[in-house]
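Notes follow once the structure below has been shown.
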Amino acid sequence: LKGIKPEESEGASAGSAVLPKFYCKLPAEDDQLRQKLREESRAMFLQRRSRELLDHEELKELWMLLDKHQSPPNHGGDEQLMNYQDFLKVAELASPKSQQYFQPTTFMKLLQNDPYGRISIMNFFNYVMRKVWLHQTRIGLSLYDVTGLGYLRESDLENYILELIPTLPQLDGLEKSFHSFYVCTAVRKFFFFLDPLHTGQIKIQDILACSFLDDLLELRDEDLPKDQQQNNWFSAPSTLRVYGMYLNLDKDRNGMLSKPELAKYGMGTLTPVFIDRVFQECLTYDGEMDYKTYLDFVLALENQKEPQALHYFFKILDIDSKGHLTVFTLNYFFRSIQDQMRQHNHEPVHFQDVKDEIFDMVKPADSCKITLQDMVNSGQGDVVVSILIDLNGFWTYENREILVPDQREEPTQV
């Protein structure tokens with residue numbers, strides 16, 4: 001406390017005037033005045049940050065400056081290029097808000113194999129646009145961060161997407177009564193992949209780093225092709241497909257799925273043992289599955305190669321919760337595949353052969369057991385899962401050589 005007078009150092013208040021407070025405890029939930037003060041101060045801070053970003057007109061002015069400062073020689077190509085000297089000239093002429101983008105490191109990152117040491121003007125402008133978009137989106141998400149700690153809870157993300165719907169032309173046809181189901185479907189993808197440990201919260205930084213927001217905001221395009229809509233989890237056709245499957249499975253129309261109803265999913269070839277384990281490990285209500293739990297189930301089956309999906313399946317396959325699969329565990333699930341083969345009048349495959357193939361595929365660190373990390377590292381985890389839980393998946397694996405088309409044949413013949 002050098003510089004503080006002796007008479008000042010005696011009082012705590014004098015010391016606090018010199019040393020800044022590094023940590024402020026969050027106000028209690030019932031302290032409405034402090035909660036409101038904190039909320040208003042955060043809103044003002046975010047508004048100030050938003051004003052620091054380039055707006056539409058400022059971006060147009062930046063593009064015009066860049067366009068005027070192309071660096072010769074021009075070999076007649078369509079690409080506009082700029083050297084470092086012109087890059088610095090534009091930096092001097094651009095608005096103060098633009099200065100942060102004109103860094104030497106940025107120029108070096110965008111440098112191509114141009115013999116004159118130039119960068120693409122379009123690449124630089126796209127870089128600026130992307131940066132502005134990321135900051136805008138972060139500010140937009142932060143407005144829903146009630147705690148102010150840099151993460152969104154499920155309810156926070158639901159509010160964000162619900163208020164985003166009117167800005168997405170591709171969702172104009174959705175009935176308002178379906179909006180709650182749409183929001184639930186959209187939010188589940190974020191939480192399935194970004195919160196595999198079920199903490200109930202996702203970092204805003206993780207949301208920005210993944211491609212899900214890009215897919216969601218792709219729905220702003222009024223002319224989005226149908227094939228892209230079908231492949232986009234957040235599109236209206238994709239959401240209606242998933243919800244339609246749920247309604248079709250719900251035969252008794254009670255809004256929930258029982259074991260027999262879920263067993264009809266897809267081609268109806270998932271094994272009874274697997275279905276039993278799903279209901280043991282996943283959240284159910286009086287022995288039945290709700291739509292939210294069903295969405296996790298669908299996301300896992302439709303993305304079996306992803307580590308988060310393998311984490312989902314591994315928890316189900318690990319019947320003893322030991323953190324690894326043994327030969328006994330593999331046999332426990334494969335017996336159900338053998339039973340299904342008998343029901344279809346097929347000669348069952350010997351487990352010993354399948355067990356050897358699984359261990360050969362995975363190549364675990366311990367030759368007697370398979371861990372989740374072993375399955376992820378092998379790149380064959382999805383194949384192992386299919387062999388153990390789905391008769392159709394096992395049949396596809398067994399007949400993989402027959403199903404692979406002869407590359408010498410014409411596509412029409414295949």
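All residue names refer to the structure tokens as shown: chains lettered A, B, ... in order, residues numbered from 1 in each chain, ligands numbered from 1 in order.
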Within range 32-152 of chain A, find each residue whose DSSP state, derived from the backbone, is alpha helix (DSSP H), and express the selection as a ChimeraX atom specification. /A:32-51,56-68,84-93,104-110,121-142
Write out as an NGL selection string the residues lying within 12 Å of Pro166 in chain A, counting only C-alpha atoms and excluding same-chain residues fewer than 6 positions away. :A and (160 or 172-176 or 179 or 217 or 219-220)
By how many Å are CA of Thr371 in chain A and CA of Asp318 in chain A apart? 9.4 Å
Tell me which of A:Phe297, A:Tyr312, A:Trp133, A:Trp395 sits closest to Met341 in chain A, counting only C-alpha atoms.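 Closest to Met341 in chain A of all the choices is A:Trp395.
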